[in-house]
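Engineer: Sharing a structure, written as structure tokens. Questions coming.
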Amino acid sequence: MNNNNVKGVVITAMLALVFLVLSAFTVNQTEYVLVQRLGEIVSVKKEPGLYFKVPFVDNLKTFDNRIVTLDWEQPAKFITSENKYMMVDSFVKWRIIDPIKYYVSIKEGGEAAAEDRLSKVVNAGLRTEFGKRTVHDVIAGERGVVMDNLRKRADAEARQMGIEVVDVRLKRVDYSEDISKSVFDRMIAERKRQANERRSEGAAASEKIRADADKQREVIIAEAYREAQKIKGEGDAKASQIYNQSYSRNPEFYAFYRSTEAYKNSFKSKSDVMVLDPSSDFFKYMRSPAKK
């Protein structure tokens, strides 16, 4: 083999290698690859692996097949069936399921164009769902129903673009700023009313407890006084009985004892003055026996 033949083989091998390199391409598991030939879509590669194309004729378009989050920077304003404006902060989870429909729908707009169209669909659904519900419904009562309806409606329209809406969530639903103050004022007034009501109930209960305690106190004192008087009466009766028994045993001694007690009580103070007849019975036991 001469040198010219060797050079020809080498050049052919190099051209074949270059052709092979230019023809081969890989598809990752996180993407779809659209193959276009002279502007016409000829195939879609969804499975990961090594594929081949016609160099300089086929063009590749790559799309992410993972779930993407569409989250708005600012909450949107919607009106309820009660004509009250609510500020709604939400997000959408979506992904590409049909690369051909997706590419035909958005053309060269890319992900930004898809999210713009998807946001319009979701906002229209929010407007419809909020417009037929009350504030309570959208905040607590039917929040799950609202999100489920939104997902179904957005998914039905998004599939026309080759997109699947995986989930729609309401992160926050709040009153708009122009009515928040009035709502807070009403809430404060209601809390004050409840506080005053509780204070009134507490004061009434306190008075009732005091009145009951005073009543029980009077009853206890009266019962104690009655019991004391009863005991005192029993004691006086017992004393009288003892006096009578003593008097009946020795009347003279009892009379003498009573007279001495009278003398002692009558002459307690030196300043006491009594004017009596010396012959009166009061001085009976102060006279000599011969003058009785």
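Residue numbering restarts at 1 for every chain of the structure tokens, chains are lettered A, B, ... in their displayed order, and ligands are numbered from 1 as they appear.
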Name all residues at most 10 Å from Val35 of chain A (count only C-alpha atoms; drop same-chain ones fewer than 2 positions away) and give them as a ChimeraX atom specification.
Structural biologist: /A:32-33,37-45,52-54,58-62
Engineer: Please produce a file of the residues just selected, as an mmCIF file, in the first residue's frame, where the atoms kept are C-alpha atoms.
Structural biologist:
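Saved to out.cif:
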```cif
data_model
loop_
_atom_site.group_PDB
_atom_site.id
_atom_site.type_symbol
_atom_site.label_atom_id
_atom_site.label_comp_id
_atom_site.auth_asym_id
_atom_site.auth_seq_id
_atom_site.Cartn_x
_atom_site.Cartn_y
_atom_site.Cartn_z
ATOM 1 C CA TYR A 32 -37.178 15.419 25.983
ATOM 2 C CA VAL A 33 -35.425 15.943 22.625
ATOM 3 C CA ARG A 37 -35.453 18.002 9.685
ATOM 4 C CA LEU A 38 -35.585 21.068 7.487
ATOM 5 C CA GLY A 39 -38.082 22.663 9.911
ATOM 6 C CA GLU A 40 -40.329 19.595 10.115
ATOM 7 C CA ILE A 41 -40.575 17.494 13.262
ATOM 8 C CA VAL A 42 -39.514 13.929 12.473
ATOM 9 C CA SER A 43 -39.252 12.336 15.901
ATOM 10 C CA VAL A 44 -39.366 12.841 19.685
ATOM 11 C CA LYS A 45 -36.888 11.166 21.984
ATOM 12 C CA PHE A 52 -28.312 9.480 15.886
ATOM 13 C CA LYS A 53 -29.342 12.270 13.514
ATOM 14 C CA VAL A 54 -28.447 13.507 10.059
ATOM 15 C CA ASP A 58 -31.460 17.680 11.609
ATOM 16 C CA ASN A 59 -31.861 20.204 14.449
ATOM 17 C CA LEU A 60 -32.481 19.331 18.095
ATOM 18 C CA LYS A 61 -34.846 21.043 20.522
ATOM 19 C CA THR A 62 -34.453 20.120 24.197
#
```
Engineer: For segment 134-143 of chain A, list every protein, DNA or RNA residue within 6 Å, evaluated using only C-alpha atoms, and leave out those in the same chain fewer than 5 positions away; present the list as a VMD selection string.
Structural biologist: chain A and resid 80 to 82
Engineer: For the selection you just gave me, I'd like the residues written to a file as a PDB file, in the first residue's frame, keeping C-alpha atoms.
Structural biologist:
```pdb
ATOM      1  CA  THR A  80     -66.070  37.129  46.294  1.00  0.00           C
ATOM      2  CA  SER A  81     -69.827  36.661  46.003  1.00  0.00           C
ATOM      3  CA  GLU A  82     -70.163  39.159  48.881  1.00  0.00           C
TER       4      GLU A  82
END
```
Engineer: Pick out the closest residue to Arg169 of chain A from this set: A:Ser90, A:Gln74, A:Ser206, A:Thr12. Count only C-alpha atoms.
Structural biologist: A:Ser90
Engineer: From the set A:Ile188, A:Met87, A:Ile97, A:Val68, which residue has the shortest atom-to-atom contact distance to Ser176 of chain A, counting only C-alpha atoms?
Structural biologist: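 Of A:Ile188, A:Met87, A:Ile97, A:Val68, the one nearest Ser176 of chain A, counting only C-alpha atoms, is A:Met87.
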